[in-house]
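Data block for target.cif (mmCIF, C-alpha atoms):
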data_start
#
loop_
_atom_site.label_atom_id
_atom_site.label_comp_id
_atom_site.auth_asym_id
_atom_site.auth_seq_id
_atom_site.Cartn_x
_atom_site.Cartn_y
_atom_site.Cartn_z
CA MET A 14 7.81 13.42 -26.88
CA PRO A 15 9.60 10.59 -25.02
CA GLU A 16 7.86 7.37 -24.17
CA VAL A 17 6.74 6.76 -20.60
CA GLN A 18 9.09 4.38 -18.80
CA VAL A 19 7.61 2.77 -15.70
CA ARG A 20 10.06 1.31 -13.20
CA LYS A 21 7.60 0.29 -10.55
CA LYS A 22 3.91 0.22 -9.78
CA PHE A 23 2.44 0.26 -6.31
CA THR A 24 -1.07 -0.10 -4.95
CA ALA A 25 -2.25 0.58 -1.40
CA VAL A 26 -5.74 -0.16 -0.10
CA GLU A 27 -7.03 0.78 3.34
CA GLU A 28 -10.20 -0.60 4.84
CA ILE A 29 -11.24 1.46 7.86
CA PHE A 30 -13.69 -0.05 10.33
CA HIS A 31 -13.63 2.65 13.01
CA GLU A 32 -11.40 5.27 14.58
CA GLY A 33 -12.30 4.92 18.22
CA GLY A 34 -16.05 5.45 17.68
CA PRO A 35 -18.87 3.17 16.55
CA VAL A 36 -17.88 0.51 14.03
CA SER A 37 -19.13 1.58 10.60
CA PRO A 38 -21.70 -0.82 9.07
CA VAL A 39 -19.87 -0.34 5.76
CA PRO A 40 -16.13 0.14 6.18
CA LEU A 41 -14.58 3.13 4.40
CA ARG A 42 -12.13 2.09 1.71
CA ARG A 43 -9.35 4.24 0.34
CA ALA A 44 -6.98 3.21 -2.41
CA ALA A 45 -3.90 4.73 -3.96
CA ALA A 46 -2.16 3.78 -7.20
CA LEU A 47 1.43 4.92 -7.69
CA ALA A 48 3.67 4.70 -10.73
CA VAL A 49 7.38 5.45 -10.64
CA ILE A 50 8.38 6.80 -14.03
CA ARG A 51 11.58 8.15 -15.54
CA ASN A 52 11.57 11.95 -15.71
CA PRO A 53 12.53 12.69 -19.33
CA PHE A 54 13.33 16.31 -18.43
CA ALA A 55 15.59 15.62 -15.44
CA GLY A 56 18.95 17.37 -15.23
CA ALA A 57 18.32 20.38 -17.46
CA TYR A 58 15.83 23.16 -18.06
CA VAL A 59 13.57 22.09 -20.90
CA LYS A 60 11.17 24.77 -22.13
CA GLU A 61 8.68 22.70 -24.08
CA ILE A 62 7.30 19.98 -21.81
CA VAL A 63 3.54 20.17 -22.30
CA GLY A 64 3.41 17.37 -24.90
CA PHE A 65 4.37 14.84 -22.22
CA MET A 66 0.85 15.21 -20.78
CA ASP A 67 -0.53 13.34 -23.79
CA ASP A 68 2.08 10.62 -23.37
CA LEU A 69 0.93 10.12 -19.77
CA LYS A 70 -2.76 9.68 -20.65
CA PRO A 71 -2.70 5.88 -21.14
CA LEU A 72 -0.87 5.45 -17.82
CA GLY A 73 -3.45 7.68 -16.10
CA LEU A 74 -6.30 5.59 -17.48
CA ASP A 75 -4.57 2.35 -16.40
CA MET A 76 -4.08 3.65 -12.88
CA ALA A 77 -7.66 4.94 -12.61
CA LYS A 78 -9.01 1.60 -13.82
CA SER A 79 -6.85 -0.30 -11.36
CA LEU A 80 -8.20 1.81 -8.49
CA VAL A 81 -11.81 1.08 -9.38
CA LEU A 82 -10.88 -2.59 -9.57
CA VAL A 83 -9.23 -2.77 -6.14
CA LEU A 84 -12.22 -0.91 -4.65
CA GLY A 85 -14.56 -3.63 -5.89
CA GLY A 86 -15.00 -2.90 -9.59
CA ASP A 87 -18.12 -0.70 -9.43
CA ILE A 88 -17.63 2.97 -10.38
CA LYS A 89 -20.76 3.85 -8.39
CA SER A 90 -18.98 2.99 -5.16
CA VAL A 91 -16.32 5.67 -5.72
CA GLU A 92 -17.18 8.95 -3.98
CA GLY A 93 -13.90 10.77 -3.45
CA PHE A 94 -10.70 11.33 -5.40
CA GLY A 95 -7.37 13.12 -5.43
CA LYS A 96 -4.01 13.11 -7.14
CA GLY A 97 -0.40 14.08 -6.63
CA ALA A 98 3.20 13.82 -7.74
CA ILE A 99 6.66 13.68 -6.19
CA VAL A 100 9.45 14.86 -8.48
CA GLY A 101 12.99 13.56 -7.88
CA SER A 102 15.82 15.95 -7.11
CA ALA A 103 17.05 16.37 -10.70
CA GLY A 104 13.62 17.61 -11.79
CA GLU A 105 11.50 20.67 -11.08
CA LEU A 106 8.10 21.16 -9.53
CA GLU A 107 6.74 22.07 -12.94
CA HIS A 108 7.33 18.49 -14.07
CA GLY A 109 4.89 17.36 -11.38
CA ALA A 110 2.32 19.76 -12.83
CA LEU A 111 2.32 17.64 -15.99
CA TRP A 112 0.18 15.15 -14.08
CA HIS A 113 -2.78 17.55 -13.71
CA VAL A 114 -4.38 16.83 -17.05
CA PRO A 115 -3.67 13.11 -17.61
CA GLY A 116 -4.26 12.17 -13.96
CA GLY A 117 -7.39 14.23 -13.44
CA TYR A 118 -9.12 13.56 -16.73
CA ALA A 119 -8.37 9.85 -16.52
CA MET A 120 -10.28 9.57 -13.24
CA ARG A 121 -13.18 11.69 -14.50
CA GLU A 122 -13.43 9.59 -17.63
CA ILE A 123 -13.27 6.26 -15.82
CA LEU A 124 -15.81 7.45 -13.23
CA GLY A 125 -18.32 8.41 -15.91
CA GLY A 126 -17.83 12.17 -15.99
CA ALA A 127 -17.24 13.25 -12.40
CA LYS A 128 -17.96 16.98 -12.08
CA ALA A 129 -15.68 18.30 -9.36
CA ILE A 130 -12.09 19.38 -9.79
CA VAL A 131 -9.61 16.72 -8.65
CA ALA A 132 -7.82 18.01 -5.55
CA SER A 133 -4.05 17.74 -5.91
CA THR A 134 -0.66 18.34 -4.39
CA LYS A 135 2.94 17.95 -5.48
CA LYS A 136 6.47 18.42 -4.29
CA VAL A 137 10.11 17.79 -5.08
CA GLY A 138 11.58 15.12 -2.81
CA GLY A 139 13.99 12.24 -2.39
CA PRO A 140 13.46 8.49 -2.04
CA GLY A 141 11.03 7.83 0.80
CA ALA A 142 9.37 11.25 0.57
CA ARG A 143 5.77 11.10 1.72
CA LEU A 144 2.93 12.91 0.02
CA ASP A 145 -0.42 13.71 1.64
CA VAL A 146 -2.77 13.42 -1.30
CA PRO A 147 -5.88 15.55 -0.70
CA ILE A 148 -9.29 14.02 -1.34
CA THR A 149 -12.64 15.66 -2.14
CA HIS A 150 -16.05 14.49 -3.37
CA ILE A 151 -16.06 13.57 -7.06
CA ASN A 152 -19.14 15.64 -7.95
CA ALA A 153 -19.23 18.51 -5.46
CA SER A 154 -16.04 19.94 -3.97
CA TYR A 155 -17.83 21.44 -0.94
CA VAL A 156 -19.07 18.18 0.55
CA ARG A 157 -17.42 18.49 3.95
CA SER A 158 -17.71 14.84 5.02
CA HIS A 159 -15.52 13.76 2.10
CA PHE A 160 -12.58 16.13 2.73
CA ASP A 161 -9.85 13.64 3.47
CA ALA A 162 -6.26 12.79 2.57
CA MET A 163 -4.18 9.68 2.11
CA GLU A 164 -0.47 9.56 2.82
CA VAL A 165 1.54 7.73 0.18
CA GLY A 166 5.21 7.14 -0.60
CA LEU A 167 7.80 4.53 -1.49
CA ALA A 168 11.06 3.77 0.29
CA ASP A 169 13.12 3.71 -2.93
CA ALA A 170 11.44 6.42 -5.02
CA PRO A 171 11.67 8.92 -6.51
CA ARG A 172 15.32 8.62 -7.50
CA ALA A 173 16.83 11.85 -8.82
CA ASP A 174 15.65 11.30 -12.39
CA GLU A 175 12.23 9.89 -11.54
CA ILE A 176 8.70 11.08 -10.79
CA VAL A 177 6.20 9.29 -8.55
CA LEU A 178 2.69 9.79 -9.90
CA ALA A 179 -0.26 9.15 -7.58
CA LEU A 180 -4.02 8.76 -7.93
CA VAL A 181 -6.34 8.16 -4.98
CA MET A 182 -9.99 7.11 -4.73
CA THR A 183 -12.26 6.56 -1.72
CA THR A 184 -15.67 4.98 -1.20
CA GLY A 185 -17.16 7.51 1.17
CA ALA A 186 -16.99 10.01 3.99
CA ARG A 187 -14.46 10.03 6.84
CA VAL A 188 -15.37 7.14 9.08
CA HIS A 189 -16.77 9.33 11.90
CA ALA A 190 -17.65 12.47 9.85
CA ARG A 191 -19.61 14.88 12.05
CA VAL A 192 -18.55 18.49 11.44
CA GLY A 193 -21.55 19.59 9.38
CA GLY A 194 -21.38 21.42 6.07
CA LEU A 195 -22.79 20.36 2.73
CA LYS A 196 -23.89 16.72 2.78
CA ALA A 197 -23.46 14.24 -0.07
CA SER A 198 -27.27 13.86 -0.05
CA GLU A 199 -27.67 17.59 -0.79
CA ILE A 200 -25.48 17.74 -3.90
CA LYS A 201 -27.03 19.54 -6.87
CA GLY A 202 -24.21 18.32 -9.09
CA GLU A 203 -24.33 21.12 -11.62
CA ASP A 204 -21.23 23.22 -11.10
CA GLY A 205 -18.89 20.69 -9.52
CA LEU A 206 -18.87 22.70 -6.30
CA ARG A 207 -22.22 22.06 -4.54
CA MET B 23 -13.10 -13.28 16.04
CA LYS B 24 -11.31 -12.24 19.19
CA VAL B 25 -9.24 -9.60 17.48
CA LYS B 26 -10.56 -6.03 17.34
CA ILE B 27 -9.45 -4.55 14.03
CA ARG B 28 -9.56 -0.81 13.36
CA LYS B 29 -8.09 -0.92 9.89
CA ILE B 30 -6.65 -3.30 7.31
CA ALA B 31 -4.26 -2.05 4.63
CA THR B 32 -2.88 -3.97 1.66
CA PHE B 33 0.09 -2.97 -0.46
CA VAL B 34 1.21 -4.35 -3.81
CA GLU B 35 4.53 -3.53 -5.44
CA GLU B 36 5.48 -4.46 -8.98
CA THR B 37 9.03 -3.80 -10.24
CA ARG B 38 9.28 -3.55 -14.01
CA SER B 39 12.82 -2.29 -14.47
CA GLU B 40 15.98 -1.80 -12.47
CA MET B 41 19.05 0.14 -13.62
CA GLY B 42 17.58 0.37 -17.07
CA ARG B 43 17.06 -3.37 -17.40
CA THR B 44 13.59 -4.68 -18.03
CA ILE B 45 12.33 -7.12 -15.42
CA ASP B 46 10.16 -9.58 -17.30
CA PRO B 47 8.05 -10.90 -15.75
CA PRO B 48 8.02 -8.10 -13.16
CA THR B 49 8.81 -9.06 -9.57
CA ARG B 50 5.73 -8.66 -7.39
CA ARG B 51 5.12 -8.63 -3.67
CA ALA B 52 2.21 -7.82 -1.42
CA ALA B 53 1.70 -7.10 2.26
CA ALA B 54 -1.46 -7.09 4.34
CA VAL B 55 -1.37 -5.14 7.59
CA ALA B 56 -3.97 -5.11 10.37
CA VAL B 57 -4.17 -2.35 12.95
CA ILE B 58 -5.62 -3.93 16.07
CA GLU B 59 -6.41 -3.05 19.65
CA ASN B 60 -3.73 -4.22 22.09
CA PRO B 61 -5.69 -5.91 24.91
CA CYS B 62 -2.56 -5.88 27.11
CA ALA B 63 -1.64 -2.20 26.65
CA GLY B 64 -0.75 -0.05 29.63
CA LYS B 65 -0.13 -2.80 32.17
CA TYR B 66 2.03 -5.83 32.76
CA VAL B 67 0.15 -8.98 31.78
CA GLU B 68 1.86 -12.27 32.59
CA ASP B 69 -0.26 -14.56 30.45
CA LEU B 70 -0.19 -13.50 26.80
CA SER B 71 -2.38 -16.30 25.46
CA GLU B 72 -5.00 -13.80 24.27
CA LEU B 73 -2.42 -12.27 21.95
CA MET B 74 -1.34 -15.72 20.76
CA ALA B 75 -4.94 -16.48 19.77
CA ILE B 76 -5.08 -13.16 17.93
CA GLY B 77 -1.96 -14.17 16.05
CA GLU B 78 -3.66 -17.34 14.89
CA GLU B 79 -6.67 -15.41 13.58
CA LEU B 80 -4.52 -12.82 11.83
CA GLY B 81 -2.26 -15.46 10.27
CA GLU B 82 -5.13 -16.72 8.18
CA LEU B 83 -6.82 -13.37 7.51
CA LEU B 84 -3.69 -11.48 6.48
CA THR B 85 -2.30 -14.27 4.31
CA LEU B 86 -5.61 -14.54 2.46
CA ARG B 87 -5.64 -10.77 1.95
CA ALA B 88 -2.04 -10.56 0.77
CA VAL B 89 -2.41 -13.47 -1.67
CA ALA B 90 -5.66 -12.00 -3.01
CA ALA B 91 -3.97 -8.63 -3.48
CA LEU B 92 -1.23 -10.33 -5.50
CA GLY B 93 -3.88 -12.13 -7.54
CA ILE B 94 -2.09 -15.48 -7.75
CA PRO B 95 -2.97 -18.98 -6.51
CA PRO B 96 -1.71 -19.45 -2.92
CA THR B 97 0.51 -22.32 -4.10
CA SER B 98 2.42 -19.92 -6.40
CA VAL B 99 3.74 -17.86 -3.51
CA GLU B 100 7.55 -18.07 -3.43
CA SER B 101 8.64 -16.14 -0.35
CA TYR B 102 7.07 -14.80 2.79
CA GLY B 103 7.65 -12.78 5.94
CA LYS B 104 5.88 -11.29 8.94
CA ALA B 105 6.33 -8.30 11.22
CA SER B 106 4.70 -6.36 14.01
CA ALA B 107 4.93 -2.89 15.51
CA VAL B 108 3.61 -2.30 19.00
CA GLY B 109 2.29 1.11 20.05
CA GLU B 110 3.97 2.98 22.89
CA ASN B 111 1.76 1.52 25.65
CA GLY B 112 2.70 -2.04 24.78
CA GLU B 113 5.74 -4.30 25.02
CA ILE B 114 7.91 -5.97 22.40
CA GLU B 115 6.80 -9.20 24.04
CA HIS B 116 3.26 -8.49 22.80
CA ALA B 117 4.54 -8.55 19.22
CA ALA B 118 6.36 -11.79 19.99
CA ALA B 119 3.17 -13.33 21.36
CA ILE B 120 1.27 -12.49 18.19
CA LEU B 121 4.00 -13.47 15.71
CA HIS B 122 5.66 -16.57 17.07
CA PRO B 123 3.52 -19.21 18.77
CA LYS B 124 0.47 -19.51 16.49
CA LEU B 125 0.55 -17.17 13.48
CA GLY B 126 2.65 -19.43 11.22
CA GLY B 127 0.31 -22.45 11.15
CA PRO B 128 -2.56 -20.78 9.31
CA VAL B 129 -0.11 -18.99 6.98
CA ARG B 130 1.24 -22.35 5.84
CA LYS B 131 -2.26 -23.82 5.64
CA VAL B 132 -3.35 -21.06 3.25
CA LEU B 133 -0.22 -21.47 1.12
CA GLY B 134 -0.36 -25.26 1.03
CA LYS B 135 3.30 -25.54 2.02
CA GLY B 136 5.96 -23.54 3.83
CA ALA B 137 8.75 -25.72 5.12
CA ALA B 138 10.98 -22.74 5.95
CA LEU B 139 10.94 -20.48 8.95
CA ILE B 140 8.86 -17.36 8.36
CA PRO B 141 11.39 -14.53 8.81
CA SER B 142 10.14 -11.82 11.16
CA SER B 143 10.89 -8.43 12.64
CA LYS B 144 9.32 -6.47 15.44
CA LYS B 145 9.62 -3.09 17.10
CA ARG B 146 7.86 -0.60 19.31
CA GLY B 147 7.07 2.71 17.72
CA GLY B 148 4.75 5.62 17.15
CA LEU B 149 2.37 6.60 14.39
CA GLY B 150 3.79 6.12 10.90
CA VAL B 151 6.68 3.95 12.02
CA PRO B 152 8.07 2.00 9.04
CA LEU B 153 7.91 -1.76 9.30
CA ASP B 154 10.62 -3.62 7.37
CA ILE B 155 9.17 -7.06 6.76
CA PRO B 156 11.98 -9.55 6.06
CA LEU B 157 11.35 -12.00 3.22
CA GLY B 158 12.70 -15.48 2.63
CA HIS B 159 11.83 -18.42 0.38
CA LYS B 160 8.94 -20.35 1.88
CA ASP B 161 10.34 -23.83 1.35
CA ALA B 162 14.10 -23.34 1.60
CA ALA B 163 15.45 -20.55 3.78
CA PHE B 164 18.87 -20.64 2.08
CA VAL B 165 17.65 -19.57 -1.37
CA ARG B 166 19.76 -16.44 -1.70
CA SER B 167 17.84 -14.79 -4.54
CA HIS B 168 14.80 -14.51 -2.27
CA PHE B 169 16.43 -12.79 0.73
CA ASP B 170 14.64 -9.46 0.63
CA GLY B 171 12.54 -7.02 2.62
CA MET B 172 9.45 -4.90 2.10
CA GLU B 173 8.86 -1.60 3.84
CA VAL B 174 5.30 -0.72 4.80
CA ARG B 175 3.83 1.99 6.96
CA ILE B 176 0.49 3.51 7.87
CA ASN B 177 0.60 7.17 8.84
CA ASP B 178 -2.00 6.91 11.64
CA ALA B 179 -0.82 3.69 13.27
CA PRO B 180 0.07 2.27 15.68
CA ARG B 181 -1.67 4.48 18.23
CA ALA B 182 -0.47 4.00 21.81
CA ASN B 183 -2.88 1.13 22.54
CA GLU B 184 -2.62 -0.54 19.16
CA ILE B 185 -0.48 -3.15 17.39
CA MET B 186 0.27 -3.40 13.67
CA VAL B 187 0.59 -6.94 12.35
CA ALA B 188 1.84 -7.64 8.83
CA VAL B 189 2.19 -10.65 6.54
CA ALA B 190 3.99 -10.30 3.20
CA VAL B 191 4.10 -12.71 0.24
CA THR B 192 5.81 -12.58 -3.16
CA ASP B 193 5.74 -14.37 -6.49
CA SER B 194 9.47 -13.87 -7.00
CA GLY B 195 12.85 -12.96 -5.55
CA ARG B 196 14.84 -9.73 -5.99
CA PRO B 197 14.66 -8.10 -9.44
CA LEU B 198 18.21 -8.88 -10.67
CA PRO B 199 19.65 -11.55 -8.34
CA ARG B 200 23.33 -12.23 -9.00
CA VAL B 201 25.08 -12.91 -5.73
CA GLY B 202 25.11 -16.68 -6.09
CA GLY B 203 24.08 -19.13 -3.40
CA LEU B 204 21.38 -21.78 -3.48
CA LYS B 205 19.05 -21.37 -6.48
CA LYS B 206 15.30 -21.82 -6.54
CA SER B 207 15.77 -24.65 -9.05
CA GLU B 208 17.96 -26.55 -6.58
CA ILE B 209 15.52 -26.67 -3.68
CA LYS B 210 15.05 -30.06 -2.08
CA GLY B 211 12.34 -28.68 0.20
CA GLU B 212 12.68 -31.27 2.94
CA ASP B 213 14.20 -29.55 5.91
CA GLY B 214 13.05 -25.99 5.22
CA LEU B 215 16.63 -24.87 4.78
CA ARG B 216 17.78 -26.15 1.35
#
Final structure tokens representation of the file:
Amino acid sequence: MPEVQVRKKFTAVEEIFHEGGPVSPVPLRRAAALAVIRNPFAGAYVKEIVGFMDDLKPLGLDMAKSLVLVLGGDIKSVEGFGKGAIVGSAGELEHGALWHVPGGYAMREILGGAKAIVASTKKVGGPGARLDVPITHINASYVRSHFDAMEVGLADAPRADEIVLALVMTTGARVHARVGGLKASEIKGEDGLR
Amino acid sequence: MKVKIRKIATFVEETRSEMGRTIDPPTRRAAAVAVIENPCAGKYVEDLSELMAIGEELGELLTLRAVAALGIPPTSVESYGKASAVGENGEIEHAAAILHPKLGGPVRKVLGKGAALIPSSKKRGGLGVPLDIPLGHKDAAFVRSHFDGMEVRINDAPRANEIMVAVAVTDSGRPLPRVGGLKKSEIKGEDGLR
């Protein structure tokens, strides 16, 4: 399988103090790591692509580590995660699906075995396309306070033969979470759901 | 602090290749953006000194954040820029009051030097409006390799009564500069121009 060629890396960190309500004693932090890579399958239908997932694993681990670092360096402070991909116009949606394994397992591994599935989204788009990366609790998908999303994108990517890969982590609930549901304090943490 | 901040976002971009050519070391740039309450929104206010004071506070805060995000000593910064987007209930003049009278002083204090004008842009816009922060060499505005720009945006800002304020710094110029002009190595650094 082809080597992973990274053209650009991008990191975004948001620190949210309030959203019109009381100022949070601990600001919510959300971070996104993006990598713009060359799509080795652009321009033609390639049947066998699954091996590229293994090639992407080191990049996934690098991105997951960098997110923990920009959020303060302590894996215990990470409570939510998500991932996504934007495939350039000479590729297909299926190429974005290659990110599921290396992106998801990288975050689980770095976070010490998070139990929940990593929420994800993907699309085909041009330079400047925006992606709303969904976010859920790392150990229990049903924790309602942690349902969130972070919009990411780059003005000059993806070019036609590129893919933008994204990982997102957050340090907590929405800043004014108050719509009930399963609470983080009630997690059993057995099945990844509750 | 006088300024009421809802959110701070930082962005780091690292370009490792361009048109198939490796960029070594990669070019890197960072922006820090504050989303603040506009104390003058919704009415005509003659005296904008409150916004000027806010600019002074943000000059220091955002420069510290952007340099920290880049992870380099402040004295290694090569180019800089600033920008502001005012929400729909404010005036362009509010952005001018924040950016121009007092923001530059603390930027230069943090960086140790900064003989050149800090290039700037401003606009009024709605949520998610892109901000193109112009960039120029901090000690000699005529250094052509460092004329550049960085696009940033935050999907939920600026709300009608808010202002986005951004400071960007780099450790480099464009990835493959080759349009001539004054070179970094030729800077005299006396008048801020050459």
Q: For the structure provided, state which residues fall under the PyMOL selection byres ((chain A) within 12 of (chain B)), and present them as number ranges by chain.
A: A: 18-37, 40-51, 79, 82-85, 141, 143-145, 162-170, 172, 174, 188
Q: May I have the residues within 7 Å of stretch 191-208 of chain B as a PyMOL selection string, using all atoms listed in the file and disregarding those fewer than 4 positions away in the same chain?
A: chain B and resi 45+49-53+88-89+98-103+164-168+170
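Interatomic distance, atom CA of A:Pro53 against atom CA of A:Asp68: 11.4 Å.
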Q. Near A:Ala127, counting all atoms listed in the file, which residues have an atom at most 6 Å away, once you skip same-chain residues fewer than 4 positions from it, shown as an MDAnalysis selection string?
A. chainID A and resid 121 151:152
Using only C-alpha atoms, please write the residues we just selected to a file, as a compact mmCIF listing (two decimals), in the coordinates of the input.
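Full text of result_13.txt as output:
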# COMPACT_ATOMS: atom_id res chain seq x y z
CA ARG A 121 -13.18 11.69 -14.50
CA ILE A 151 -16.06 13.57 -7.06
CA ASN A 152 -19.14 15.64 -7.95
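Remark: for A:Ile62, the closest of the candidate residues A:Trp112, A:Ser102, A:Met182, A:Arg187 is A:Trp112 (distances computed over all atoms listed in the file).
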(Q) Quick check on the file I pasted: which residues fall under the PyMOL selection byres ((chain B and resi 112) around 10)? Write them as a ChimeraX atom specification. (A) /B:60-66,107-111,113-117,146-147,182-185
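Take the PyMOL selection byres ((chain A and resi 74) around 8) and apply it to this file: it picks Lys70, Pro71, Leu72, Gly73, Asp75, Met76, Ala77, Lys78, Pro115, Gly116, Ala119, Met120 and Ile123 of chain A.
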Supply stretch 88-106 of chain A as a PDB file, in the coordinates of the input, with N, CA and C atoms built in where the input has gaps.
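To be explicit, this is the file written out as part03.pdb:
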ATOM      1  N   ILE A  88     -17.953   1.542 -10.435  1.00  0.00           N
ATOM      2  CA  ILE A  88     -17.630   2.970 -10.380  1.00  0.00           C
ATOM      3  C   ILE A  88     -18.594   3.719  -9.450  1.00  0.00           C
ATOM      4  N   LYS A  89     -19.783   3.171  -9.245  1.00  0.00           N
ATOM      5  CA  LYS A  89     -20.760   3.850  -8.390  1.00  0.00           C
ATOM      6  C   LYS A  89     -20.321   3.895  -6.922  1.00  0.00           C
ATOM      7  N   SER A  90     -19.417   2.999  -6.560  1.00  0.00           N
ATOM      8  CA  SER A  90     -18.980   2.990  -5.160  1.00  0.00           C
ATOM      9  C   SER A  90     -17.897   4.031  -4.878  1.00  0.00           C
ATOM     10  N   VAL A  91     -17.390   4.681  -5.912  1.00  0.00           N
ATOM     11  CA  VAL A  91     -16.320   5.670  -5.720  1.00  0.00           C
ATOM     12  C   VAL A  91     -16.914   7.053  -5.475  1.00  0.00           C
ATOM     13  N   GLU A  92     -16.582   7.658  -4.334  1.00  0.00           N
ATOM     14  CA  GLU A  92     -17.180   8.950  -3.980  1.00  0.00           C
ATOM     15  C   GLU A  92     -16.158  10.072  -3.830  1.00  0.00           C
ATOM     16  N   GLY A  93     -14.899   9.719  -3.625  1.00  0.00           N
ATOM     17  CA  GLY A  93     -13.900  10.770  -3.450  1.00  0.00           C
ATOM     18  C   GLY A  93     -12.681  10.486  -4.305  1.00  0.00           C
ATOM     19  N   PHE A  94     -11.936  11.553  -4.650  1.00  0.00           N
ATOM     20  CA  PHE A  94     -10.700  11.330  -5.400  1.00  0.00           C
ATOM     21  C   PHE A  94      -9.674  12.437  -5.159  1.00  0.00           C
ATOM     22  N   GLY A  95      -8.439  12.144  -5.545  1.00  0.00           N
ATOM     23  CA  GLY A  95      -7.370  13.120  -5.430  1.00  0.00           C
ATOM     24  C   GLY A  95      -6.164  12.637  -6.215  1.00  0.00           C
ATOM     25  N   LYS A  96      -5.188  13.524  -6.389  1.00  0.00           N
ATOM     26  CA  LYS A  96      -4.010  13.110  -7.140  1.00  0.00           C
ATOM     27  C   LYS A  96      -2.786  13.885  -6.675  1.00  0.00           C
ATOM     28  N   GLY A  97      -1.605  13.393  -7.046  1.00  0.00           N
ATOM     29  CA  GLY A  97      -0.400  14.080  -6.630  1.00  0.00           C
ATOM     30  C   GLY A  97       0.827  13.553  -7.326  1.00  0.00           C
ATOM     31  N   ALA A  98       1.949  14.237  -7.117  1.00  0.00           N
ATOM     32  CA  ALA A  98       3.200  13.820  -7.740  1.00  0.00           C
ATOM     33  C   ALA A  98       4.376  14.216  -6.854  1.00  0.00           C
ATOM     34  N   ILE A  99       5.397  13.364  -6.845  1.00  0.00           N
ATOM     35  CA  ILE A  99       6.660  13.680  -6.190  1.00  0.00           C
ATOM     36  C   ILE A  99       7.752  13.641  -7.254  1.00  0.00           C
ATOM     37  N   VAL A 100       8.415  14.763  -7.446  1.00  0.00           N
ATOM     38  CA  VAL A 100       9.450  14.860  -8.480  1.00  0.00           C
ATOM     39  C   VAL A 100      10.819  14.655  -7.824  1.00  0.00           C
ATOM     40  N   GLY A 101      11.649  13.804  -8.399  1.00  0.00           N
ATOM     41  CA  GLY A 101      12.990  13.560  -7.880  1.00  0.00           C
ATOM     42  C   GLY A 101      13.879  14.790  -8.007  1.00  0.00           C
ATOM     43  N   SER A 102      15.020  14.743  -7.326  1.00  0.00           N
ATOM     44  CA  SER A 102      15.820  15.950  -7.110  1.00  0.00           C
ATOM     45  C   SER A 102      16.413  16.554  -8.380  1.00  0.00           C
ATOM     46  N   ALA A 103      16.517  15.795  -9.466  1.00  0.00           N
ATOM     47  CA  ALA A 103      17.050  16.370 -10.700  1.00  0.00           C
ATOM     48  C   ALA A 103      15.947  16.967 -11.579  1.00  0.00           C
ATOM     49  N   GLY A 104      14.734  17.022 -11.045  1.00  0.00           N
ATOM     50  CA  GLY A 104      13.620  17.610 -11.790  1.00  0.00           C
ATOM     51  C   GLY A 104      13.116  18.856 -11.115  1.00  0.00           C
ATOM     52  N   GLU A 105      12.081  19.474 -11.692  1.00  0.00           N
ATOM     53  CA  GLU A 105      11.500  20.670 -11.080  1.00  0.00           C
ATOM     54  C   GLU A 105      10.020  20.446 -10.804  1.00  0.00           C
ATOM     55  N   LEU A 106       9.496  21.273  -9.926  1.00  0.00           N
ATOM     56  CA  LEU A 106       8.100  21.160  -9.530  1.00  0.00           C
ATOM     57  C   LEU A 106       7.179  21.168 -10.750  1.00  0.00           C
TER      58      LEU A 106
END
